>>> print(open('target-v3.pdb').read())   # PDB, C-alpha atoms
ATOM      1  CA  MET A   1      31.067   1.797 -83.279
ATOM      2  CA  LYS A   2      30.069  -1.039 -80.916
ATOM      3  CA  ARG A   3      33.193  -0.399 -78.923
ATOM      4  CA  LEU A   4      32.318   3.305 -78.602
ATOM      5  CA  ILE A   5      28.779   2.456 -77.430
ATOM      6  CA  LYS A   6      30.174   0.013 -74.844
ATOM      7  CA  LEU A   7      32.616   2.664 -73.636
ATOM      8  CA  LEU A   8      29.806   5.249 -73.336
ATOM      9  CA  LEU A   9      27.566   2.808 -71.450
ATOM     10  CA  TRP A  10      30.394   1.902 -69.109
ATOM     11  CA  SER A  11      31.104   5.616 -68.482
ATOM     12  CA  VAL A  12      27.443   6.308 -67.711
ATOM     13  CA  ALA A  13      27.279   3.303 -65.335
ATOM     14  CA  LEU A  14      30.440   4.458 -63.548
ATOM     15  CA  ALA A  15      29.113   8.012 -63.194
ATOM     16  CA  VAL A  16      25.812   6.749 -61.753
ATOM     17  CA  SER A  17      27.544   4.416 -59.286
ATOM     18  CA  LEU A  18      29.842   7.212 -58.099
ATOM     19  CA  ALA A  19      26.868   9.515 -57.640
ATOM     20  CA  VAL A  20      25.042   6.893 -55.549
ATOM     21  CA  VAL A  21      27.983   6.014 -53.272
ATOM     22  CA  PRO A  22      27.816   9.132 -51.069
ATOM     23  CA  ILE A  23      24.057   8.653 -50.540
ATOM     24  CA  ASN A  24      24.459   5.026 -49.473
ATOM     25  CA  ALA A  25      27.512   5.828 -47.375
ATOM     26  CA  LYS A  26      25.522   8.474 -45.516
ATOM     27  CA  GLU A  27      22.652   6.046 -44.879
ATOM     28  CA  CYS A  28      25.062   3.449 -43.449
ATOM     29  CA  GLU A  29      26.740   5.842 -41.042
ATOM     30  CA  MET A  30      26.478   5.008 -37.355
ATOM     31  CA  PRO A  31      23.642   6.963 -35.729
ATOM     32  CA  LYS A  32      24.527   9.942 -33.592
ATOM     33  CA  ARG A  33      24.771   9.501 -29.840
ATOM     34  CA  ILE A  34      21.550   8.544 -28.083
ATOM     35  CA  LEU A  35      21.234  10.390 -24.802
ATOM     36  CA  MET A  36      18.760   9.093 -22.228
ATOM     37  CA  TYR A  37      17.532  10.175 -18.818
ATOM     38  CA  TYR A  38      17.869   7.760 -15.931
ATOM     39  CA  GLY A  39      16.665   7.270 -12.376
ATOM     40  CA  GLY A  40      13.173   8.746 -12.597
ATOM     41  CA  PHE A  41      11.839  12.277 -12.765
ATOM     42  CA  GLU A  42      13.879  13.594  -9.840
ATOM     43  CA  ILE A  43      17.154  13.250 -11.797
ATOM     44  CA  GLU A  44      17.605  15.595 -14.739
ATOM     45  CA  GLU A  45      20.925  14.240 -15.984
ATOM     46  CA  MET A  46      21.412  12.267 -19.196
ATOM     47  CA  PHE A  47      24.026   9.749 -20.270
ATOM     48  CA  ASP A  48      25.158   8.194 -23.564
ATOM     49  CA  ALA A  49      22.962   5.081 -23.997
ATOM     50  CA  SER A  50      23.965   4.455 -27.633
ATOM     51  CA  GLN A  51      25.427   1.000 -26.976
ATOM     52  CA  TRP A  52      22.056  -0.349 -25.844
ATOM     53  CA  PHE A  53      20.465   0.614 -29.152
ATOM     54  CA  THR A  54      23.295  -0.228 -31.548
ATOM     55  CA  SER A  55      23.555  -3.704 -29.966
ATOM     56  CA  GLY A  56      19.950  -4.346 -30.995
ATOM     57  CA  MET A  57      18.732  -4.910 -27.434
ATOM     58  CA  TYR A  58      16.484  -1.836 -27.444
ATOM     59  CA  LYS A  59      14.732   0.420 -29.928
ATOM     60  CA  PRO A  60      13.279   3.917 -29.465
ATOM     61  CA  ARG A  61       9.831   4.236 -27.933
ATOM     62  CA  HIS A  62       7.511   6.728 -29.579
ATOM     63  CA  ILE A  63       4.919   7.924 -27.091
ATOM     64  CA  GLU A  64       2.466   9.485 -29.544
ATOM     65  CA  ALA A  65       1.834   8.868 -33.234
ATOM     66  CA  GLY A  66       4.108  11.175 -35.209
ATOM     67  CA  GLY A  67       5.945  12.260 -32.066
ATOM     68  CA  GLY A  68       9.633  11.987 -31.352
ATOM     69  CA  ALA A  69      11.317   9.202 -29.429
ATOM     70  CA  SER A  70      11.028   9.152 -25.646
ATOM     71  CA  LEU A  71      14.137  10.330 -23.799
ATOM     72  CA  ASP A  72      13.478   8.259 -20.675
ATOM     73  CA  THR A  73      11.857   5.031 -21.899
ATOM     74  CA  MET A  74      12.519   2.556 -24.710
ATOM     75  CA  LEU A  75      11.296  -0.821 -25.979
ATOM     76  CA  ARG A  76      13.114  -4.117 -25.717
ATOM     77  CA  ASN A  77      13.289  -6.023 -29.007
ATOM     78  CA  GLN A  78      13.036  -9.433 -27.318
ATOM     79  CA  PRO A  79      11.692  -9.285 -23.749
ATOM     80  CA  ARG A  80      13.077 -11.924 -21.392
ATOM     81  CA  SER A  81      10.877 -14.853 -20.431
ATOM     82  CA  PHE A  82      10.120 -15.656 -16.781
ATOM     83  CA  THR A  83      11.488 -18.613 -14.871
ATOM     84  CA  ARG A  84       9.314 -20.593 -12.445
ATOM     85  CA  GLU A  85      11.145 -18.929  -9.533
ATOM     86  CA  GLN A  86      10.470 -15.450 -10.919
ATOM     87  CA  LEU A  87       6.773 -16.260 -11.397
ATOM     88  CA  ALA A  88       6.678 -17.343  -7.746
ATOM     89  CA  GLU A  89       7.992 -13.881  -6.750
ATOM     90  CA  LEU A  90       5.179 -12.015  -8.536
ATOM     91  CA  PRO A  91       2.640 -12.100  -5.680
ATOM     92  CA  TYR A  92       5.202 -10.404  -3.425
ATOM     93  CA  ALA A  93       5.937  -7.761  -6.073
ATOM     94  CA  ALA A  94       2.168  -7.188  -6.392
ATOM     95  CA  ALA A  95       1.779  -6.766  -2.611
ATOM     96  CA  GLU A  96       4.679  -4.290  -2.626
ATOM     97  CA  ALA A  97       2.983  -2.338  -5.445
ATOM     98  CA  PHE A  98      -0.305  -2.157  -3.533
ATOM     99  CA  ASP A  99       1.515  -0.820  -0.463
ATOM    100  CA  SER A 100       3.323   1.879  -2.450
ATOM    101  CA  SER A 101       0.117   2.930  -4.261
ATOM    102  CA  HIS A 102      -1.979   3.703  -1.158
ATOM    103  CA  LEU A 103      -4.121   0.612  -1.764
ATOM    104  CA  GLN A 104      -3.209  -1.073   1.504
ATOM    105  CA  ASP A 105      -6.885  -1.949   2.066
ATOM    106  CA  ILE A 106      -6.647  -4.596  -0.691
ATOM    107  CA  ASN A 107      -6.313  -8.038   0.879
ATOM    108  CA  THR A 108      -3.369  -9.748  -0.835
ATOM    109  CA  GLU A 109      -3.109 -12.592   1.677
ATOM    110  CA  ALA A 110      -4.862 -15.130  -0.566
ATOM    111  CA  LEU A 111      -2.654 -14.073  -3.483
ATOM    112  CA  ILE A 112       0.474 -14.833  -1.452
ATOM    113  CA  LEU A 113      -0.725 -17.944   0.381
ATOM    114  CA  ASN A 114      -2.458 -19.569  -2.584
ATOM    115  CA  PRO A 115      -1.108 -17.865  -5.717
ATOM    116  CA  PRO A 116      -2.902 -18.498  -9.011
ATOM    117  CA  ASP A 117      -1.047 -19.240 -12.240
ATOM    118  CA  LEU A 118       0.133 -15.773 -13.257
ATOM    119  CA  SER A 119       2.155 -16.815 -16.317
ATOM    120  CA  GLN A 120      -0.571 -15.689 -18.767
ATOM    121  CA  ARG A 121      -1.227 -12.440 -16.914
ATOM    122  CA  ILE A 122       2.077 -10.674 -17.626
ATOM    123  CA  ARG A 123       2.640  -8.210 -20.458
ATOM    124  CA  TYR A 124       5.863  -6.375 -21.272
ATOM    125  CA  ALA A 125       5.324  -2.581 -21.064
ATOM    126  CA  TYR A 126       8.582  -0.640 -21.633
ATOM    127  CA  SER A 127      12.125  -0.246 -20.332
ATOM    128  CA  ALA A 128      14.054   2.551 -18.626
ATOM    129  CA  PHE A 129      17.406   3.151 -16.973
ATOM    130  CA  ALA A 130      17.548   3.011 -13.176
ATOM    131  CA  ALA A 131      21.122   4.332 -13.397
ATOM    132  CA  PRO A 132      23.570   4.881 -16.266
ATOM    133  CA  ASN A 133      23.950   1.568 -18.153
ATOM    134  CA  LYS A 134      21.589  -0.176 -15.714
ATOM    135  CA  PRO A 135      18.384  -0.884 -17.659
ATOM    136  CA  GLU A 136      15.193  -2.196 -16.079
ATOM    137  CA  ASP A 137      12.327  -3.825 -17.942
ATOM    138  CA  TYR A 138       8.838  -2.875 -16.797
ATOM    139  CA  HIS A 139       5.890  -5.242 -17.041
ATOM    140  CA  TYR A 140       2.180  -5.151 -16.292
ATOM    141  CA  LEU A 141       0.597  -7.869 -14.161
ATOM    142  CA  TYR A 142      -3.172  -8.147 -14.635
ATOM    143  CA  LEU A 143      -4.860  -9.257 -11.403
ATOM    144  CA  THR A 144      -8.462  -9.844 -10.394
ATOM    145  CA  LEU A 145      -8.965  -9.755  -6.613
ATOM    146  CA  ASP A 146     -12.400  -9.937  -4.963
ATOM    147  CA  GLY A 147     -14.042  -9.180  -8.306
ATOM    148  CA  ARG A 148     -11.957  -6.025  -8.830
ATOM    149  CA  ARG A 149      -9.406  -5.596 -11.620
ATOM    150  CA  PHE A 150      -5.928  -4.212 -11.017
ATOM    151  CA  VAL A 151      -2.891  -3.545 -13.176
ATOM    152  CA  ILE A 152       0.363  -3.917 -11.276
ATOM    153  CA  THR A 153       3.474  -2.308 -12.736
ATOM    154  CA  PHE A 154       6.682  -4.032 -11.712
ATOM    155  CA  ALA A 155      10.313  -3.788 -12.789
ATOM    156  CA  ARG A 156      13.158  -6.261 -13.005
ATOM    157  CA  ASP A 157      16.840  -6.102 -13.854
ATOM    158  CA  ALA A 158      17.064  -6.193 -17.645
ATOM    159  CA  GLN A 159      20.268  -8.220 -17.770
ATOM    160  CA  SER A 160      19.685 -10.857 -15.090
ATOM    161  CA  GLY A 161      15.889 -10.911 -15.026
ATOM    162  CA  GLU A 162      16.089 -10.819 -11.213
ATOM    163  CA  ASN A 163      15.063  -8.288  -8.555
ATOM    164  CA  LEU A 164      11.332  -8.045  -9.242
ATOM    165  CA  THR A 165      10.121  -4.808  -7.670
ATOM    166  CA  GLY A 166       6.494  -3.720  -7.422
ATOM    167  CA  LYS A 167       6.227  -0.104  -8.528
ATOM    168  CA  SER A 168       2.533   0.769  -8.650
ATOM    169  CA  ALA A 169      -0.993  -0.635  -8.643
ATOM    170  CA  LYS A 170      -3.961   0.857 -10.440
ATOM    171  CA  GLU A 171      -7.596  -0.237 -10.338
ATOM    172  CA  ILE A 172      -9.315  -0.536 -13.710
ATOM    173  CA  THR A 173     -12.843   0.796 -13.371
ATOM    174  CA  GLY A 174     -15.389   2.546 -15.575
ATOM    175  CA  GLU A 175     -14.888   3.265 -19.249
ATOM    176  CA  TYR A 176     -11.993   5.713 -19.164
ATOM    177  CA  ALA A 177     -10.256   6.067 -22.533
ATOM    178  CA  SER A 178      -6.860   5.967 -20.792
ATOM    179  CA  GLN A 179      -7.639   2.444 -19.563
ATOM    180  CA  ALA A 180      -8.956   1.057 -22.869
ATOM    181  CA  GLU A 181      -5.818  -1.009 -23.600
ATOM    182  CA  HIS A 182      -5.892  -2.525 -20.123
ATOM    183  CA  ARG A 183      -9.588  -3.453 -20.485
ATOM    184  CA  LYS A 184      -8.794  -5.089 -23.833
ATOM    185  CA  THR A 185      -5.938  -7.090 -22.278
ATOM    186  CA  PHE A 186      -8.155  -8.245 -19.401
ATOM    187  CA  ALA A 187     -10.712  -9.472 -21.960
ATOM    188  CA  GLU A 188      -7.993 -11.382 -23.863
ATOM    189  CA  ILE A 189      -6.656 -12.986 -20.663
ATOM    190  CA  GLU A 190     -10.115 -13.995 -19.499
ATOM    191  CA  GLU A 191     -10.862 -15.544 -22.890
ATOM    192  CA  ILE A 192      -7.599 -17.555 -22.810
ATOM    193  CA  GLU A 193      -8.354 -18.760 -19.273
ATOM    194  CA  ARG A 194     -11.965 -19.632 -20.172
ATOM    195  CA  LYS A 195     -10.783 -21.805 -23.080
ATOM    196  CA  ALA A 196      -8.204 -23.530 -20.866
ATOM    197  CA  ARG A 197     -10.823 -24.725 -18.366
TER     198      ARG A 197
END
>>> encode(input="target-v3.pdb", output="structure tokens")
Amino acid sequence: MKRLIKLLLWSVALAVSLAVVPINAKECEMPKRILMYYGGFEIEEMFDASQWFTSGMYKPRHIEAGGGASLDTMLRNQPRSFTREQLAELPYAAAEAFDSSHLQDINTEALILNPPDLSQRIRYAYSAFAAPNKPEDYHYLYLTLDGRRFVITFARDAQSGENLTGKSAKEITGEYASQAEHRKTFAEIEEIERKAR
């Protein structure tokens, strides 16, 4: 009788394990191809960017809560740190961003001639492909010039960390909801700098 019970239990266990195998096998399958846009809004072509996600370097970026993944931007799992030389390039990237954002009236001379410590004023934003298999990481640089607050968006080569390029500059003014995160970051930076004095 004991032998029969053991045989029945073993049969049930085998049946359950066989029933579970296809479910687990399906969950472990490689994800389907991940197609991404590249090169900005003027290019409407996509390419297979799967390798950048399966390697663990990037993960999907969800723009809105409950929304799907972005098809032109993503998030880096471990953003690269900045070397001293790259930090020294930031004032030039900022000046370039002001020029390209029609804010040429902003005097960046003091920023370039006597740059402050900008190491605490950088925040990773997102990543995108400049060309197929050529990712760039975008960062925000939070600057205060002549009592005015600006957020500079700049890009750099995701693999080398080089080629800092100023993309845009935006002044943070008023209480616009769209700028709430930037105002919060400015407050955090100012608090860190106040404590360091």
>>> closest_residue(input="target-v3.pdb", among="A:Tyr126, A:Leu87, A:Glu96, A:Phe41", to="Thr73 (chain A)", atoms="only C-alpha atoms")
A:Tyr126
>>> resolve_selection(input="target-v3.pdb", expression="the PyMOL selection byres ((chain A and resi 80) around 9)", output="list in words")
Arg76, Gln78, Pro79, Ser81, Phe82, Asp137, Ala158, Gln159 and Gly161 of chain A
>>> resolve_selection(input="target-v3.pdb", expression="the PyMOL selection byres ((chain A and resi 107-120) around 12)", output="PDB file with C-alpha atoms, keeping the file's coordinate frame")
ATOM      1  CA  SER A  81      10.877 -14.853 -20.431  1.00  0.00           C
ATOM      2  CA  PHE A  82      10.120 -15.656 -16.781  1.00  0.00           C
ATOM      3  CA  THR A  83      11.488 -18.613 -14.871  1.00  0.00           C
ATOM      4  CA  ARG A  84       9.314 -20.593 -12.445  1.00  0.00           C
ATOM      5  CA  GLU A  85      11.145 -18.929  -9.533  1.00  0.00           C
ATOM      6  CA  GLN A  86      10.470 -15.450 -10.919  1.00  0.00           C
ATOM      7  CA  LEU A  87       6.773 -16.260 -11.397  1.00  0.00           C
ATOM      8  CA  ALA A  88       6.678 -17.343  -7.746  1.00  0.00           C
ATOM      9  CA  GLU A  89       7.992 -13.881  -6.750  1.00  0.00           C
ATOM     10  CA  LEU A  90       5.179 -12.015  -8.536  1.00  0.00           C
ATOM     11  CA  PRO A  91       2.640 -12.100  -5.680  1.00  0.00           C
ATOM     12  CA  TYR A  92       5.202 -10.404  -3.425  1.00  0.00           C
ATOM     13  CA  ALA A  93       5.937  -7.761  -6.073  1.00  0.00           C
ATOM     14  CA  ALA A  94       2.168  -7.188  -6.392  1.00  0.00           C
ATOM     15  CA  ALA A  95       1.779  -6.766  -2.611  1.00  0.00           C
ATOM     16  CA  GLU A  96       4.679  -4.290  -2.626  1.00  0.00           C
ATOM     17  CA  ALA A  97       2.983  -2.338  -5.445  1.00  0.00           C
ATOM     18  CA  PHE A  98      -0.305  -2.157  -3.533  1.00  0.00           C
ATOM     19  CA  ASP A  99       1.515  -0.820  -0.463  1.00  0.00           C
ATOM     20  CA  LEU A 103      -4.121   0.612  -1.764  1.00  0.00           C
ATOM     21  CA  GLN A 104      -3.209  -1.073   1.504  1.00  0.00           C
ATOM     22  CA  ASP A 105      -6.885  -1.949   2.066  1.00  0.00           C
ATOM     23  CA  ILE A 106      -6.647  -4.596  -0.691  1.00  0.00           C
ATOM     24  CA  ARG A 121      -1.227 -12.440 -16.914  1.00  0.00           C
ATOM     25  CA  ILE A 122       2.077 -10.674 -17.626  1.00  0.00           C
ATOM     26  CA  ARG A 123       2.640  -8.210 -20.458  1.00  0.00           C
ATOM     27  CA  TYR A 124       5.863  -6.375 -21.272  1.00  0.00           C
ATOM     28  CA  TYR A 140       2.180  -5.151 -16.292  1.00  0.00           C
ATOM     29  CA  LEU A 141       0.597  -7.869 -14.161  1.00  0.00           C
ATOM     30  CA  TYR A 142      -3.172  -8.147 -14.635  1.00  0.00           C
ATOM     31  CA  LEU A 143      -4.860  -9.257 -11.403  1.00  0.00           C
ATOM     32  CA  THR A 144      -8.462  -9.844 -10.394  1.00  0.00           C
ATOM     33  CA  LEU A 145      -8.965  -9.755  -6.613  1.00  0.00           C
ATOM     34  CA  ASP A 146     -12.400  -9.937  -4.963  1.00  0.00           C
ATOM     35  CA  ARG A 148     -11.957  -6.025  -8.830  1.00  0.00           C
ATOM     36  CA  PHE A 150      -5.928  -4.212 -11.017  1.00  0.00           C
ATOM     37  CA  THR A 185      -5.938  -7.090 -22.278  1.00  0.00           C
ATOM     38  CA  PHE A 186      -8.155  -8.245 -19.401  1.00  0.00           C
ATOM     39  CA  GLU A 188      -7.993 -11.382 -23.863  1.00  0.00           C
ATOM     40  CA  ILE A 189      -6.656 -12.986 -20.663  1.00  0.00           C
ATOM     41  CA  GLU A 190     -10.115 -13.995 -19.499  1.00  0.00           C
ATOM     42  CA  GLU A 191     -10.862 -15.544 -22.890  1.00  0.00           C
ATOM     43  CA  ILE A 192      -7.599 -17.555 -22.810  1.00  0.00           C
ATOM     44  CA  GLU A 193      -8.354 -18.760 -19.273  1.00  0.00           C
ATOM     45  CA  ALA A 196      -8.204 -23.530 -20.866  1.00  0.00           C
TER      46      ALA A 196
END
>>> closest_residue(input="target-v3.pdb", among="A:Arg149, A:Ala155, A:Tyr38, A:Asn77", to="Ile172 (chain A)", atoms="only C-alpha atoms")
A:Arg149
>>> residues_near_point(input="target-v3.pdb", point="(14.2, 7.6, -27.0)", cutoff="9 Å", atoms="all atoms listed in the file", output="number ranges by chain")
A: 34-36, 59-62, 68-75
>>> atom_distance(input="target-v3.pdb", atom1="CA of Trp52 (chain A)", atom2="CA of Ala125 (chain A)")
17.5 Å
>>> atom_distance(input="target-v3.pdb", atom1="CA of Asn133 (chain A)", atom2="CA of Thr153 (chain A)")
21.5 Å
>>> atom_distance(input="target-v3.pdb", atom1="CA of Lys134 (chain A)", atom2="CA of Gly39 (chain A)")
9.5 Å
>>> axis_aligned_box(input="target-v3.pdb", around="region 88-100 of chain A", padding_each_side="3 Å", output="AutoDock Vina command-line options")
--center_x 3.8 --center_y -7.7 --center_z -4.5 --size_x 14.3 --size_y 25.2 --size_z 14.1
>>> closest_residue(input="target-v3.pdb", among="A:Lys195, A:Glu64, A:Phe129, A:Asp157", to="Asp48 (chain A)", atoms="all atoms listed in the file")
A:Phe129
>>> closest_residue(input="target-v3.pdb", among="A:Ala169, A:Arg183, A:Gly40, A:Gly56", to="Ala131 (chain A)", atoms="only C-alpha atoms")
A:Gly40
>>> decode(input="target-v3.pdb", residues="region 69-80 of chain A", atoms="all heavy atoms", output="mmCIF file, in the first residue's frame")
data_model
loop_
_atom_site.group_PDB
_atom_site.id
_atom_site.type_symbol
_atom_site.label_atom_id
_atom_site.label_comp_id
_atom_site.auth_asym_id
_atom_site.auth_seq_id
_atom_site.Cartn_x
_atom_site.Cartn_y
_atom_site.Cartn_z
ATOM 1 N N ALA A 69 6.855 51.709 -23.639
ATOM 2 C CA ALA A 69 8.251 52.131 -23.643
ATOM 3 C C ALA A 69 8.492 53.102 -24.798
ATOM 4 O O ALA A 69 7.904 52.981 -25.867
ATOM 5 C CB ALA A 69 9.161 50.921 -23.780
ATOM 6 N N SER A 70 9.368 54.066 -24.554
ATOM 7 C CA SER A 70 9.758 55.022 -25.585
ATOM 8 C C SER A 70 10.467 54.281 -26.717
ATOM 9 O O SER A 70 11.207 53.327 -26.473
ATOM 10 C CB SER A 70 10.686 56.074 -24.980
ATOM 11 O OG SER A 70 11.244 56.874 -25.999
ATOM 12 N N LEU A 71 10.273 54.746 -27.936
ATOM 13 C CA LEU A 71 10.925 54.142 -29.096
ATOM 14 C C LEU A 71 12.147 54.939 -29.539
ATOM 15 O O LEU A 71 12.827 54.556 -30.490
ATOM 16 C CB LEU A 71 9.937 54.030 -30.259
ATOM 17 C CG LEU A 71 8.733 53.116 -30.020
ATOM 18 C CD1 LEU A 71 7.798 53.148 -31.212
ATOM 19 C CD2 LEU A 71 9.188 51.690 -29.734
ATOM 20 N N ASP A 72 12.430 56.059 -28.867
ATOM 21 C CA ASP A 72 13.612 56.833 -29.241
ATOM 22 C C ASP A 72 14.530 57.173 -28.071
ATOM 23 O O ASP A 72 15.626 57.683 -28.290
ATOM 24 C CB ASP A 72 13.219 58.105 -30.003
ATOM 25 C CG ASP A 72 12.191 58.941 -29.257
ATOM 26 O OD1 ASP A 72 11.930 58.668 -28.078
ATOM 27 O OD2 ASP A 72 11.653 59.873 -29.871
ATOM 28 N N THR A 73 14.109 56.894 -26.847
ATOM 29 C CA THR A 73 14.984 57.116 -25.695
ATOM 30 C C THR A 73 14.946 55.902 -24.777
ATOM 31 O O THR A 73 14.004 55.113 -24.814
ATOM 32 C CB THR A 73 14.561 58.369 -24.892
ATOM 33 O OG1 THR A 73 13.233 58.187 -24.391
ATOM 34 C CG2 THR A 73 14.639 59.620 -25.736
ATOM 35 N N MET A 74 15.989 55.769 -23.948
ATOM 36 C CA MET A 74 16.065 54.662 -22.997
ATOM 37 C C MET A 74 16.838 55.150 -21.778
ATOM 38 O O MET A 74 17.304 56.294 -21.750
ATOM 39 C CB MET A 74 16.744 53.441 -23.617
ATOM 40 C CG MET A 74 18.175 53.647 -24.025
ATOM 41 S SD MET A 74 18.337 53.681 -25.817
ATOM 42 C CE MET A 74 20.098 53.905 -26.021
ATOM 43 N N LEU A 75 16.998 54.277 -20.786
ATOM 44 C CA LEU A 75 17.707 54.633 -19.561
ATOM 45 C C LEU A 75 18.916 53.734 -19.374
ATOM 46 O O LEU A 75 18.821 52.516 -19.547
ATOM 47 C CB LEU A 75 16.783 54.515 -18.348
ATOM 48 C CG LEU A 75 15.613 55.499 -18.309
ATOM 49 C CD1 LEU A 75 14.703 55.193 -17.133
ATOM 50 C CD2 LEU A 75 16.110 56.939 -18.244
ATOM 51 N N ARG A 76 20.017 54.325 -19.018
ATOM 52 C CA ARG A 76 21.232 53.553 -18.759
ATOM 53 C C ARG A 76 21.176 52.999 -17.343
ATOM 54 O O ARG A 76 20.836 53.714 -16.398
ATOM 55 C CB ARG A 76 22.468 54.439 -18.931
ATOM 56 C CG ARG A 76 23.759 53.657 -18.870
ATOM 57 C CD ARG A 76 24.901 54.444 -19.453
ATOM 58 N NE ARG A 76 26.120 53.634 -19.431
ATOM 59 C CZ ARG A 76 27.132 53.792 -20.253
ATOM 60 N NH1 ARG A 76 27.088 54.732 -21.170
ATOM 61 N NH2 ARG A 76 28.193 53.020 -20.171
ATOM 62 N N ASN A 77 21.494 51.722 -17.181
ATOM 63 C CA ASN A 77 21.449 51.099 -15.858
ATOM 64 C C ASN A 77 22.513 51.654 -14.924
ATOM 65 O O ASN A 77 22.253 51.855 -13.740
ATOM 66 C CB ASN A 77 21.582 49.577 -15.973
ATOM 67 C CG ASN A 77 20.279 48.945 -16.437
ATOM 68 O OD1 ASN A 77 19.221 49.216 -15.895
ATOM 69 N ND2 ASN A 77 20.352 48.106 -17.456
ATOM 70 N N GLN A 78 23.704 51.918 -15.430
ATOM 71 C CA GLN A 78 24.777 52.490 -14.619
ATOM 72 C C GLN A 78 25.446 53.619 -15.400
ATOM 73 O O GLN A 78 26.390 53.376 -16.157
ATOM 74 C CB GLN A 78 25.813 51.425 -14.243
ATOM 75 C CG GLN A 78 25.272 50.391 -13.278
ATOM 76 C CD GLN A 78 26.356 49.416 -12.842
ATOM 77 O OE1 GLN A 78 27.208 49.017 -13.617
ATOM 78 N NE2 GLN A 78 26.316 49.025 -11.581
ATOM 79 N N PRO A 79 24.975 54.849 -15.229
ATOM 80 C CA PRO A 79 25.583 55.971 -15.961
ATOM 81 C C PRO A 79 27.073 56.099 -15.649
ATOM 82 O O PRO A 79 27.513 55.824 -14.529
ATOM 83 C CB PRO A 79 24.806 57.188 -15.438
ATOM 84 C CG PRO A 79 23.503 56.629 -14.961
ATOM 85 C CD PRO A 79 23.825 55.269 -14.424
ATOM 86 N N ARG A 80 27.834 56.503 -16.649
ATOM 87 C CA ARG A 80 29.279 56.680 -16.491
ATOM 88 C C ARG A 80 29.572 57.874 -15.594
ATOM 89 O O ARG A 80 28.862 58.874 -15.628
ATOM 90 C CB ARG A 80 29.937 56.941 -17.852
ATOM 91 C CG ARG A 80 29.880 55.791 -18.824
ATOM 92 C CD ARG A 80 30.539 56.204 -20.128
ATOM 93 N NE ARG A 80 31.963 56.421 -19.935
ATOM 94 C CZ ARG A 80 32.899 55.530 -20.256
ATOM 95 N NH1 ARG A 80 32.544 54.374 -20.782
ATOM 96 N NH2 ARG A 80 34.169 55.781 -20.055
#
